[in-house]
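As provided, data08.cif (mmCIF, C-alpha atoms) reads as follows.
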data_my_file
loop_
_atom_site.label_atom_id
_atom_site.label_comp_id
_atom_site.auth_asym_id
_atom_site.auth_seq_id
_atom_site.Cartn_x
_atom_site.Cartn_y
_atom_site.Cartn_z
CA MET A 399 100.68 81.63 140.79
CA ALA A 400 100.70 85.38 141.45
CA GLY A 401 104.43 84.92 141.93
CA VAL A 402 104.78 83.77 138.32
CA ALA A 403 102.95 86.84 137.03
CA ALA A 404 105.28 89.06 139.06
CA LEU A 405 108.46 87.65 137.52
CA SER A 406 111.06 90.20 136.44
CA ASP A 407 111.62 91.74 133.01
CA GLY A 408 114.30 89.12 132.34
CA VAL A 409 111.68 86.41 132.00
CA ALA A 410 109.73 85.54 128.86
CA ARG A 411 106.41 83.99 129.85
CA VAL A 412 104.10 81.66 127.99
CA ALA A 413 100.81 81.90 129.83
CA LEU A 414 97.07 81.68 129.32
CA GLU A 415 96.63 85.27 130.48
CA LEU A 416 99.12 86.60 127.91
CA PRO A 417 97.14 86.00 124.72
CA LEU A 418 98.08 86.70 121.12
CA ARG A 419 96.71 89.83 119.40
CA ALA A 420 93.49 88.38 118.04
CA ASN A 421 93.36 90.32 114.76
CA LEU A 422 96.94 89.49 113.75
CA SER A 423 98.30 86.27 112.27
CA ALA A 424 100.70 84.11 114.29
CA LEU A 425 103.55 85.40 112.12
CA ASP A 426 102.62 89.07 112.71
CA ASN A 427 102.28 88.48 116.45
CA ILE A 428 105.85 87.17 116.57
CA ALA A 429 107.24 89.74 114.10
CA LEU A 430 105.98 92.60 116.31
CA ILE A 431 108.86 92.05 118.71
CA PRO A 432 111.85 92.56 116.36
CA LEU A 433 109.82 95.29 114.62
CA TYR A 434 109.10 97.44 117.68
CA GLN A 435 111.81 96.37 120.13
CA ARG A 436 114.82 96.10 117.86
CA HIS A 437 113.57 98.42 115.08
CA TYR A 438 114.17 95.98 112.24
CA GLY A 439 112.30 96.51 108.97
CA ILE A 440 109.05 94.67 108.26
CA SER A 441 110.60 92.10 105.91
CA GLU A 442 113.48 91.27 108.28
CA SER A 443 111.11 90.99 111.28
CA THR A 444 108.83 88.69 109.30
CA ARG A 445 111.81 86.58 108.24
CA GLN A 446 112.97 86.20 111.86
CA ALA A 447 109.44 85.27 112.98
CA GLN A 448 109.11 82.68 110.21
CA ALA A 449 112.54 81.24 111.13
CA ILE A 450 111.41 80.66 114.75
CA LEU A 451 108.24 78.89 113.58
CA ASP A 452 110.35 76.77 111.19
CA GLN A 453 112.69 75.85 114.05
CA LEU A 454 109.74 74.75 116.17
CA GLY A 455 108.50 72.63 113.26
CA HIS A 456 105.19 74.51 112.91
CA ALA A 457 105.70 76.75 109.87
CA GLU A 458 102.13 76.02 108.76
CA ILE A 459 100.57 78.16 111.53
CA ALA A 460 102.17 81.39 110.22
CA PRO A 461 99.04 82.78 108.47
CA LEU A 462 96.54 81.67 111.14
CA ARG A 463 94.87 84.11 113.49
CA ASP A 464 94.23 83.24 117.13
CA PRO A 465 90.58 82.11 116.74
CA ASP A 466 91.54 79.82 113.83
CA MET A 467 94.26 77.95 115.75
CA THR A 468 93.97 74.78 117.82
CA PRO A 469 95.11 75.09 121.44
CA ALA A 470 98.41 73.37 120.53
CA GLN A 471 99.01 75.73 117.57
CA ARG A 472 98.18 78.73 119.78
CA PHE A 473 100.69 77.46 122.35
CA VAL A 474 103.39 77.16 119.67
CA ALA A 475 102.71 80.74 118.52
CA LYS A 476 102.98 82.01 122.11
CA LEU A 477 106.14 79.98 122.65
CA ALA A 478 107.67 81.40 119.44
CA ARG A 479 106.79 84.92 120.64
CA ALA A 480 108.47 84.20 123.98
CA LEU A 481 111.55 82.75 122.26
CA ILE A 482 112.01 85.75 119.97
CA LEU A 483 112.09 88.00 123.07
CA LYS A 484 115.53 86.44 123.72
CA ARG A 485 115.29 86.84 127.49
CA PRO A 486 117.56 84.92 129.91
CA ARG A 487 114.68 82.81 131.30
CA LEU A 488 111.66 81.25 129.61
CA VAL A 489 108.79 80.24 131.88
CA ILE A 490 105.83 78.16 130.74
CA ASP A 491 103.08 78.97 133.19
CA ARG A 492 100.47 76.20 133.79
CA PRO A 493 100.74 74.51 130.37
CA GLY A 494 97.70 72.35 131.13
CA ALA A 495 95.48 75.45 130.90
CA MET A 496 96.71 76.10 127.34
CA LEU A 497 97.35 72.57 126.05
CA TYR A 498 94.16 70.77 126.91
CA ASP A 499 93.96 68.96 123.55
CA VAL A 500 97.36 67.14 123.66
CA PRO A 501 99.37 65.16 126.24
CA TYR A 502 101.33 68.25 127.10
CA PRO A 503 104.53 67.09 128.81
CA GLU A 504 105.38 65.06 125.68
CA PHE A 505 104.32 67.89 123.37
CA ILE A 506 106.56 70.43 125.13
CA GLN A 507 109.38 67.86 125.18
CA GLN A 508 109.07 67.42 121.39
CA LEU A 509 109.22 71.18 120.85
CA ALA A 510 112.24 71.54 123.12
CA ALA A 511 113.99 68.71 121.31
CA GLN A 512 114.01 70.57 117.98
CA ASP A 513 117.56 71.05 116.66
CA ALA A 514 117.87 74.83 117.01
CA MET A 515 116.37 75.07 120.51
CA SER A 516 118.71 76.19 123.26
CA GLY A 517 118.45 77.47 126.85
CA ILE A 518 116.35 76.15 129.71
CA TRP A 519 112.60 76.18 129.67
CA GLU A 520 111.08 76.30 133.15
CA ILE A 521 107.61 74.88 133.65
CA PHE A 522 105.42 76.10 136.50
CA ASP A 523 102.55 73.67 137.09
CA PHE A 524 100.32 72.41 139.87
CA SER A 525 101.96 69.83 142.11
CA TRP A 526 99.23 67.26 141.40
CA ASN A 527 100.35 67.13 137.74
CA ARG A 528 103.85 65.92 138.68
CA ASN A 529 103.01 62.36 137.64
CA LEU A 530 102.36 63.49 134.07
CA TYR A 531 105.95 64.77 133.81
CA ASN A 532 107.34 61.66 135.47
CA GLN A 533 105.51 59.49 132.93
CA ALA A 534 106.88 61.61 130.06
CA LEU A 535 110.42 61.30 131.39
CA LEU A 536 110.04 57.53 131.88
CA SER A 537 108.73 57.02 128.36
CA GLU A 538 111.72 58.97 126.93
CA MET B 1169 67.21 116.94 154.36
CA HIS B 1170 68.33 113.41 153.62
CA PHE B 1171 67.05 113.80 150.04
CA LEU B 1172 69.04 117.02 149.59
CA ALA B 1173 72.22 115.42 150.92
CA ALA B 1174 71.76 112.40 148.63
CA SER B 1175 71.17 114.69 145.61
CA ILE B 1176 74.30 116.73 146.36
CA GLU B 1177 76.28 113.54 146.85
CA SER B 1178 75.01 112.12 143.55
CA LEU B 1179 75.77 115.37 141.71
CA GLY B 1180 79.25 115.47 143.25
CA ALA B 1181 79.91 111.88 142.20
CA LYS B 1182 78.78 112.68 138.63
CA LEU B 1183 80.95 115.79 138.47
CA ALA B 1184 83.94 113.85 139.81
CA GLY B 1185 83.25 111.11 137.21
CA TRP B 1186 83.11 113.63 134.34
CA PHE B 1187 86.27 115.30 135.61
CA THR B 1188 88.05 111.93 135.76
CA ILE B 1189 86.93 111.06 132.20
CA GLY B 1190 87.95 114.51 130.91
CA TYR B 1191 91.30 114.33 132.66
CA GLY B 1192 91.92 110.80 131.36
CA THR B 1193 91.09 111.83 127.79
CA PHE B 1194 93.26 114.94 128.02
CA ALA B 1195 96.18 112.99 129.54
CA PHE B 1196 95.89 110.37 126.77
CA LEU B 1197 95.84 113.10 124.11
CA THR B 1198 98.89 114.80 125.64
CA LYS B 1199 100.79 111.50 125.71
CA ALA B 1200 99.82 110.79 122.10
CA SER B 1201 100.81 114.31 120.99
CA LEU B 1202 104.22 114.04 122.64
CA LEU B 1203 104.78 110.67 120.99
CA LEU B 1204 103.65 112.13 117.67
CA LEU B 1205 106.45 114.70 117.89
CA ASP B 1206 109.05 112.05 118.77
CA ARG B 1207 111.10 111.17 115.68
CA THR B 1208 111.61 107.57 116.77
CA THR B 1209 107.83 106.98 116.60
CA TRP B 1210 107.81 107.38 112.86
CA ASN B 1211 109.35 104.10 111.74
CA HIS B 1212 108.17 101.87 108.87
CA ALA B 1213 105.87 99.89 111.13
CA THR B 1214 103.96 102.95 112.39
CA PHE B 1215 103.61 104.35 108.85
CA ASP B 1216 102.34 100.97 107.72
CA VAL B 1217 99.67 100.87 110.44
CA VAL B 1218 98.62 104.49 109.72
CA ILE B 1219 98.20 103.67 106.02
CA LYS B 1220 96.14 100.58 106.92
CA GLN B 1221 93.96 102.71 109.21
CA VAL B 1222 93.34 105.32 106.49
CA TYR B 1223 92.51 102.49 104.09
CA PHE B 1224 90.03 100.84 106.47
CA THR B 1225 88.49 104.14 107.62
CA ALA B 1226 88.30 106.09 104.37
CA VAL B 1227 89.21 104.16 101.22
CA GLN B 1228 87.28 100.96 101.89
CA ILE B 1229 83.98 102.85 102.25
CA LEU B 1230 84.63 105.54 99.65
CA HIS B 1231 81.95 104.43 97.16
CA VAL B 1232 79.26 104.13 99.86
CA PHE B 1233 80.27 107.45 101.40
CA LEU B 1234 80.33 109.30 98.08
CA GLY B 1235 76.93 107.90 97.12
CA TYR B 1236 75.47 108.90 100.50
CA SER B 1237 76.96 112.41 100.45
CA LEU B 1238 75.90 113.03 96.83
CA VAL B 1239 72.29 112.03 97.56
CA ILE B 1240 72.15 114.31 100.62
CA ALA B 1241 73.89 117.13 98.73
CA TRP B 1242 71.48 116.80 95.79
CA LEU B 1243 68.44 116.89 98.13
CA ILE B 1244 69.66 119.93 100.07
CA ILE B 1245 70.65 121.79 96.87
CA SER B 1246 67.20 121.08 95.38
CA ILE B 1247 65.48 122.36 98.53
CA ILE B 1248 67.65 125.51 98.64
CA LEU B 1249 67.17 126.23 94.93
CA SER B 1250 63.42 125.77 94.99
CA THR B 1251 63.07 127.92 98.16
CA ALA B 1252 65.35 130.59 96.70
CA ARG B 1253 63.26 130.68 93.49
CA ASP B 1254 60.02 130.96 95.50
CA PHE B 1255 61.34 133.95 97.42
CA GLY B 1256 63.14 135.54 94.48
CA LEU B 1257 66.55 135.01 96.08
CA THR B 1258 68.16 132.99 93.28
CA ALA B 1259 71.25 135.21 93.39
CA PHE B 1260 72.03 133.93 96.88
CA ALA B 1261 71.41 130.24 96.11
CA SER B 1262 75.05 129.34 95.44
CA GLU B 1263 76.29 131.12 98.57
CA MET B 1264 73.60 129.49 100.69
CA THR B 1265 74.45 126.07 99.23
CA ILE B 1266 78.13 126.43 99.96
CA ARG B 1267 77.59 127.73 103.48
CA VAL B 1268 75.01 125.12 104.48
CA LEU B 1269 76.48 122.09 102.73
CA VAL B 1270 80.23 122.49 102.40
CA LEU B 1271 80.95 124.37 105.63
CA GLU B 1272 78.44 122.77 108.00
CA LEU B 1273 76.34 119.79 107.01
CA LEU B 1274 78.79 117.59 105.10
CA PRO B 1275 81.66 117.76 107.66
CA PHE B 1276 79.12 117.03 110.42
CA LEU B 1277 77.63 114.06 108.54
CA THR B 1278 81.13 112.79 107.68
CA ALA B 1279 82.04 112.79 111.36
CA LEU B 1280 78.81 110.96 112.23
CA PHE B 1281 79.43 108.41 109.45
CA ILE B 1282 83.00 107.70 110.62
CA ALA B 1283 81.90 107.64 114.26
CA LEU B 1284 79.23 105.03 113.57
CA ARG B 1285 81.43 102.90 111.37
CA SER B 1286 84.98 103.22 112.72
CA GLY B 1287 84.51 104.84 116.14
CA SER B 1288 82.26 102.05 117.36
CA ALA B 1289 84.67 99.44 115.93
CA ILE B 1290 87.65 101.09 117.66
CA ASN B 1291 85.75 101.26 120.97
CA THR B 1292 84.77 97.58 120.76
CA GLU B 1293 88.23 96.42 119.72
CA VAL B 1294 90.06 98.34 122.45
CA ALA B 1295 87.52 97.19 125.06
CA LEU B 1296 88.03 93.56 123.98
CA MET B 1297 91.81 94.01 124.00
CA GLN B 1298 91.53 95.34 127.55
CA VAL B 1299 89.22 92.57 128.73
CA ASN B 1300 91.21 89.76 127.04
CA ASN B 1301 94.55 90.97 128.51
CA GLU B 1302 95.96 91.61 125.03
CA LEU B 1303 97.33 94.96 126.22
CA ASP B 1304 99.06 93.22 129.14
CA ALA B 1305 100.56 90.73 126.69
CA LEU B 1306 101.89 93.59 124.53
CA ALA B 1307 103.33 95.24 127.65
CA HIS B 1308 105.01 91.94 128.63
CA CYS B 1309 106.60 91.82 125.16
CA LYS B 1310 107.61 95.51 125.46
CA VAL B 1311 105.63 96.42 122.35
CA PRO B 1312 104.28 99.93 123.03
CA PRO B 1313 100.48 99.85 122.52
CA MET B 1314 100.35 103.63 122.11
CA GLN B 1315 102.72 103.48 119.14
CA PHE B 1316 101.42 100.24 117.68
CA GLU B 1317 97.67 100.41 118.36
CA PHE B 1318 96.46 103.84 119.42
CA LEU B 1319 98.48 106.57 117.70
CA PRO B 1320 97.94 105.16 114.16
CA ARG B 1321 94.20 105.08 114.84
CA LEU B 1322 94.20 108.72 115.99
CA VAL B 1323 96.26 109.90 113.02
CA GLY B 1324 94.29 107.72 110.59
CA GLY B 1325 90.97 109.02 111.97
CA VAL B 1326 91.96 112.67 111.62
CA ILE B 1327 93.34 112.19 108.09
CA SER B 1328 90.25 110.19 107.04
CA VAL B 1329 87.69 112.71 108.31
CA VAL B 1330 89.56 115.67 106.77
CA LEU B 1331 89.92 113.89 103.41
CA LEU B 1332 86.35 112.55 103.28
CA ALA B 1333 84.84 115.88 104.31
CA GLY B 1334 87.00 117.60 101.67
CA LEU B 1335 85.94 115.13 99.00
CA ALA B 1336 82.26 115.43 99.96
CA GLY B 1337 82.59 119.23 99.88
CA LEU B 1338 84.21 119.22 96.43
CA SER B 1339 81.57 116.88 94.98
CA ALA B 1340 78.82 119.05 96.54
CA LEU B 1341 80.37 122.16 94.94
CA LEU B 1342 80.34 120.43 91.54
CA LEU B 1343 76.77 119.28 92.05
CA ALA B 1344 75.72 122.77 93.16
CA TYR B 1345 77.27 124.32 90.05
CA LEU B 1346 75.55 121.80 87.76
CA SER B 1347 72.20 122.29 89.53
CA ILE B 1348 72.36 126.10 89.35
CA TYR B 1349 74.03 126.72 85.97
CA GLY B 1350 73.73 123.38 84.19
CA ALA B 1351 76.50 121.94 82.02
CA SER B 1352 77.71 125.31 80.74
CA ILE B 1353 80.69 127.46 81.62
CA ALA B 1354 78.55 130.60 81.70
CA GLY B 1355 78.21 130.51 85.46
CA PHE B 1356 81.87 129.80 86.13
CA GLU B 1357 82.79 133.40 86.91
CA PRO B 1358 79.95 134.27 89.33
CA PHE B 1359 80.26 130.85 91.01
CA THR B 1360 84.02 131.13 91.57
CA HIS B 1361 83.52 134.74 92.68
CA THR B 1362 81.05 133.56 95.35
CA MET B 1363 83.46 130.80 96.37
CA ALA B 1364 86.34 133.26 96.69
CA LYS B 1365 84.13 135.56 98.78
CA ILE B 1366 83.23 132.75 101.20
CA PHE B 1367 86.50 130.82 101.39
CA ASP B 1368 88.79 133.37 102.95
CA PHE B 1369 91.76 132.18 105.04
CA ARG B 1370 89.82 132.29 108.34
CA ILE B 1371 86.98 130.13 107.00
CA VAL B 1372 89.29 127.56 105.35
CA ALA B 1373 91.47 127.32 108.48
CA GLY B 1374 88.35 127.03 110.65
CA LEU B 1375 86.96 124.28 108.42
CA LEU B 1376 90.23 122.34 108.58
CA VAL B 1377 90.45 122.68 112.36
CA LYS B 1378 86.81 121.63 112.74
CA CYS B 1379 87.30 118.52 110.57
CA ALA B 1380 90.51 117.64 112.45
CA LEU B 1381 88.66 117.99 115.78
CA PHE B 1382 85.86 115.80 114.43
CA GLY B 1383 88.47 113.20 113.43
CA LEU B 1384 90.04 113.39 116.86
CA ALA B 1385 86.66 113.05 118.61
CA VAL B 1386 85.63 109.95 116.64
CA THR B 1387 88.89 108.15 117.49
CA LEU B 1388 90.19 109.57 120.78
CA ILE B 1389 86.93 109.17 122.73
CA PRO B 1390 86.30 105.53 121.65
CA LEU B 1391 89.95 104.69 122.46
CA THR B 1392 89.78 106.11 125.99
CA ALA B 1393 86.31 104.63 126.57
CA GLY B 1394 87.67 101.22 125.53
CA LEU B 1395 90.63 101.54 127.89
CA GLU B 1396 88.31 102.37 130.80
CA THR B 1397 86.48 99.04 130.41
CA PRO B 1398 86.66 96.85 133.54
CA LYS B 1399 88.03 93.34 132.82
CA LYS B 1400 84.61 91.73 132.43
CA HIS B 1401 83.17 90.65 129.08
CA PHE B 1402 79.66 91.86 129.88
CA MET B 1403 81.05 95.40 130.27
CA VAL B 1404 82.09 95.62 126.59
CA PRO B 1405 78.63 96.70 125.28
CA VAL B 1406 78.35 99.19 128.16
CA SER B 1407 81.75 100.63 127.23
CA VAL B 1408 80.71 101.02 123.58
CA LEU B 1409 77.41 102.62 124.59
CA ARG B 1410 79.17 105.14 126.85
CA GLY B 1411 81.88 105.84 124.29
CA MET B 1412 79.44 106.46 121.44
CA MET B 1413 77.27 108.75 123.57
CA ARG B 1414 80.38 110.80 124.41
CA VAL B 1415 81.35 110.90 120.72
CA PHE B 1416 77.90 112.16 119.78
CA PHE B 1417 77.98 114.94 122.39
CA ALA B 1418 81.53 115.88 121.40
CA ILE B 1419 80.60 116.14 117.69
CA VAL B 1420 77.55 118.26 118.50
CA ALA B 1421 79.62 120.46 120.84
CA ILE B 1422 82.29 121.03 118.16
CA GLU B 1423 79.60 121.95 115.60
CA VAL B 1424 77.80 124.30 118.00
CA VAL B 1425 81.04 126.08 118.98
CA SER B 1426 82.04 126.37 115.31
CA LEU B 1427 78.64 127.88 114.38
CA ALA B 1428 78.78 130.25 117.34
CA LEU B 1429 82.28 131.43 116.40
CA LYS B 1430 81.24 132.02 112.80
CA TYR B 1431 77.82 133.59 113.10
CA ILE B 1432 77.38 135.09 116.58
#
Would you mind giving the structure from this file in structure tokens?
Amino acid sequence: MAGVAALSDGVARVALELPLRANLSALDNIALIPLYQRHYGISESTRQAQAILDQLGHAEIAPLRDPDMTPAQRFVAKLARALILKRPRLVIDRPGAMLYDVPYPEFIQQLAAQDAMSGIWEIFDFSWNRNLYNQALLSE
Amino acid sequence: MHFLAASIESLGAKLAGWFTIGYGTFAFLTKASLLLLDRTTWNHATFDVVIKQVYFTAVQILHVFLGYSLVIAWLIISIILSTARDFGLTAFASEMTIRVLVLELLPFLTALFIALRSGSAINTEVALMQVNNELDALAHCKVPPMQFEFLPRLVGGVISVVLLAGLAGLSALLLAYLSIYGASIAGFEPFTHTMAKIFDFRIVAGLLVKCALFGLAVTLIPLTAGLETPKKHFMVPVSVLRGMMRVFFAIVAIEVVSLALKYI
């Protein structure tokens, strides 16, 4: 797993050890990226962040702070933050550690199936969880 | 012999530790100062965070702070006036009040107030950010923590201490005038004459520099202490304890140096 942490700058990671800023809302956490990386104004950055949450079908988590979110909501906020980075690769690192309250292969599949989602999401998980993914693919 | 060697070793380790802390703090301050001078730092987002910091550090507590400073000012003025009357030194009461309260005590108490309220909060928050990997997450997202988290706190702390100390000083001056001359304009001329005699350029500049250094101490030291925290939750209280002790010594050192420069 150390290999995942050492991935290059071209990779956007969703991982347990990359938490959200605890005193900011989900929306502010996502808006930080266009604000500081691309130097957009506050209103434009917030609009872009809200658009990503809308695309993922979880607009309702926008005002929530990290401690007020369920594990699934927190995962969506982290995923939205990774998506707005617009990097060539998106890696979800050990989703089971973050999504312990939902059957996660199906949950990630639902998020990826949203209309506006594009690109390839790579999942790094323990080999003994392979069956979970197989079951999700079979049930599709 | 063994005892002597162990003592020297322990002293050396302490000196090396203090040097490392001092160097770290100085390096952080240099980095922050360079970033402060960079035009690209000053975008809408940074201004917004600075304004929020000034609000949380100074505006949110304004009523409590003013009440606290007025009570202390009233007590000190009463003590000075009654002592001056006892010794027949009433003519010097206003000068004594201004020197003791406005130049020394109120800026010092303002720094202590901000250190206890905001300095400890900054130390805890940065230590938790460090322990919870939030800084690593910001680095992964290429959001500069210095620009987003640290610099606004430094700038906000300095602005807040200067403004609060200034406000406390002005309210103490008003209180001193009312206590000495009452609600009449008869004492306006001698009072303003005394003020003009005390507040020459050197004193005003010194007061501003002292307040700015206080503001820097109550934000810079907690920030660097928080960043030094090892990634273990049980080290957060230790980090705050160390940071606040350093803040206390720094505030006292600034005050002592300022007094020495003025009166020795």
Subject >> Interatomic distance, atom CA of A:Ala510 to atom CA of A:Gln453 (Å, one decimal) >> reply: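 According to the coordinates, atom CA of A:Ala510 and atom CA of A:Gln453 are separated by 10.1 Å.
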Subject >> Test item: residues at most 12 Å from A:Asn532, all atoms listed in the file, excluding those fewer than 6 positions along its chain, as a list of chain:residue names >> reply: A:Pro503, A:Glu504, A:Ser525, A:Trp526, A:Glu538
Subject >> Evaluate the PyMOL selection byres ((chain B) within 8 of (chain A)) and report residues as a PyMOL selection string >> reply: chain B and resi 1211-1213+1297+1300-1302+1304-1305+1308-1312
Could you pull the residues within 7 Å of A:Pro461, counting all atoms listed in the file, minus those fewer than 2 positions along the same chain, as a PDB file with C-alpha atoms, in the coordinates of the input?
ATOM      1  CA  SER A 423      98.300  86.270 112.270  1.00  0.00           C
ATOM      2  CA  ALA A 424     100.700  84.110 114.290  1.00  0.00           C
ATOM      3  CA  LEU A 425     103.550  85.400 112.120  1.00  0.00           C
ATOM      4  CA  ILE A 459     100.570  78.160 111.530  1.00  0.00           C
ATOM      5  CA  ARG A 463      94.870  84.110 113.490  1.00  0.00           C
TER       6      ARG A 463
END
Original post:
Which neighbours of B:Leu1280 fall inside 9 Å, counting all atoms listed in the file, when residues of the same chain fewer than 5 positions from it are skipped, and could you give them as a PyMOL selection string?
Top reply: chain B and resi 1275+1285+1382+1386+1415-1416+1419
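Residue nearest A:Leu530, chosen from A:Gly455, A:Pro465, A:Pro493, A:Pro501 and counting all atoms listed in the file: A:Pro501.
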Original post:
By how many Å are atom CA of B:Ser1339 and atom CA of B:Val1270 apart?
Top reply: 9.4 Å
Subject >> Coordinates-based distance that separates atom CA of B:Leu1306 from atom CA of A:Phe505 (Å, one decimal) >> reply: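 Computed distance, atom CA of A:Phe505 to atom CA of B:Leu1306, equals 25.8 Å.
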**OP:** Give me the result of the PyMOL selection byres ((chain B and resi 1389) around 10) on this file, residue by residue, as an NGL selection string.
**Re:** :B and (1189-1190 or 1193 or 1196-1197 or 1283 or 1287 or 1290-1291 or 1322 or 1384-1388 or 1390-1395 or 1410-1416 or 1418)
C-alpha atoms of the current selection, written as an mmCIF file, in the coordinates of the input:
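Below is the file result.cif, written as the result:
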data_model
loop_
_atom_site.group_PDB
_atom_site.id
_atom_site.type_symbol
_atom_site.label_atom_id
_atom_site.label_comp_id
_atom_site.auth_asym_id
_atom_site.auth_seq_id
_atom_site.Cartn_x
_atom_site.Cartn_y
_atom_site.Cartn_z
ATOM 1 C CA ILE B 1189 86.930 111.060 132.200
ATOM 2 C CA GLY B 1190 87.950 114.510 130.910
ATOM 3 C CA THR B 1193 91.090 111.830 127.790
ATOM 4 C CA PHE B 1196 95.890 110.370 126.770
ATOM 5 C CA LEU B 1197 95.840 113.100 124.110
ATOM 6 C CA ALA B 1283 81.900 107.640 114.260
ATOM 7 C CA GLY B 1287 84.510 104.840 116.140
ATOM 8 C CA ILE B 1290 87.650 101.090 117.660
ATOM 9 C CA ASN B 1291 85.750 101.260 120.970
ATOM 10 C CA LEU B 1322 94.200 108.720 115.990
ATOM 11 C CA LEU B 1384 90.040 113.390 116.860
ATOM 12 C CA ALA B 1385 86.660 113.050 118.610
ATOM 13 C CA VAL B 1386 85.630 109.950 116.640
ATOM 14 C CA THR B 1387 88.890 108.150 117.490
ATOM 15 C CA LEU B 1388 90.190 109.570 120.780
ATOM 16 C CA PRO B 1390 86.300 105.530 121.650
ATOM 17 C CA LEU B 1391 89.950 104.690 122.460
ATOM 18 C CA THR B 1392 89.780 106.110 125.990
ATOM 19 C CA ALA B 1393 86.310 104.630 126.570
ATOM 20 C CA GLY B 1394 87.670 101.220 125.530
ATOM 21 C CA LEU B 1395 90.630 101.540 127.890
ATOM 22 C CA ARG B 1410 79.170 105.140 126.850
ATOM 23 C CA GLY B 1411 81.880 105.840 124.290
ATOM 24 C CA MET B 1412 79.440 106.460 121.440
ATOM 25 C CA MET B 1413 77.270 108.750 123.570
ATOM 26 C CA ARG B 1414 80.380 110.800 124.410
ATOM 27 C CA VAL B 1415 81.350 110.900 120.720
ATOM 28 C CA PHE B 1416 77.900 112.160 119.780
ATOM 29 C CA ALA B 1418 81.530 115.880 121.400
#
Subject >> Exercise: B:Leu1338 partners within 12 Å, all atoms listed in the file, chain neighbours under 3 positions left out, as a count of residues only >> reply: 21
**OP:** Name all residues at most 10 Å from B:Ile1422 (count all atoms listed in the file; drop same-chain ones fewer than 4 positions away) and give them as a PyMOL selection string.
**Re:** chain B and resi 1276+1378-1379+1381-1382+1385+1417-1418+1426-1428
Would you put the residues from that selection into a file with C-alpha atoms, as a short mmCIF file (atom, residue, chain, number, x, y, z; two decimals), keeping the file's coordinate frame?
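As written to disk, again-v1.cif reads:
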data_model
loop_
_atom_site.label_atom_id
_atom_site.label_comp_id
_atom_site.auth_asym_id
_atom_site.auth_seq_id
_atom_site.Cartn_x
_atom_site.Cartn_y
_atom_site.Cartn_z
CA PHE B 1276 79.12 117.03 110.42
CA LYS B 1378 86.81 121.63 112.74
CA CYS B 1379 87.30 118.52 110.57
CA LEU B 1381 88.66 117.99 115.78
CA PHE B 1382 85.86 115.80 114.43
CA ALA B 1385 86.66 113.05 118.61
CA PHE B 1417 77.98 114.94 122.39
CA ALA B 1418 81.53 115.88 121.40
CA SER B 1426 82.04 126.37 115.31
CA LEU B 1427 78.64 127.88 114.38
CA ALA B 1428 78.78 130.25 117.34
#
Original post:
Between B:Leu1203, B:Ser1262, B:Val1294, B:Pro1405, which has the minimum distance to B:Phe1356 (counting all atoms listed in the file)?
Top reply: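 For B:Phe1356, the nearest of the candidates is B:Ser1262.
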Original post:
Counting only C-alpha atoms, which of A:Phe522, A:Phe473, A:Tyr531, A:Tyr502 gets nearest to A:Leu488?
Top reply: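 Of A:Phe522, A:Phe473, A:Tyr531, A:Tyr502, the one nearest A:Leu488 is A:Phe522, counting only C-alpha atoms.
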Subject >> Given all atoms listed in the file as the counted atoms, nearest of B:Thr1292, B:Gln1315, B:Val1377, B:Glu1272 to B:Val1424 >> reply: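 For B:Val1424, the nearest of the candidates is B:Glu1272.
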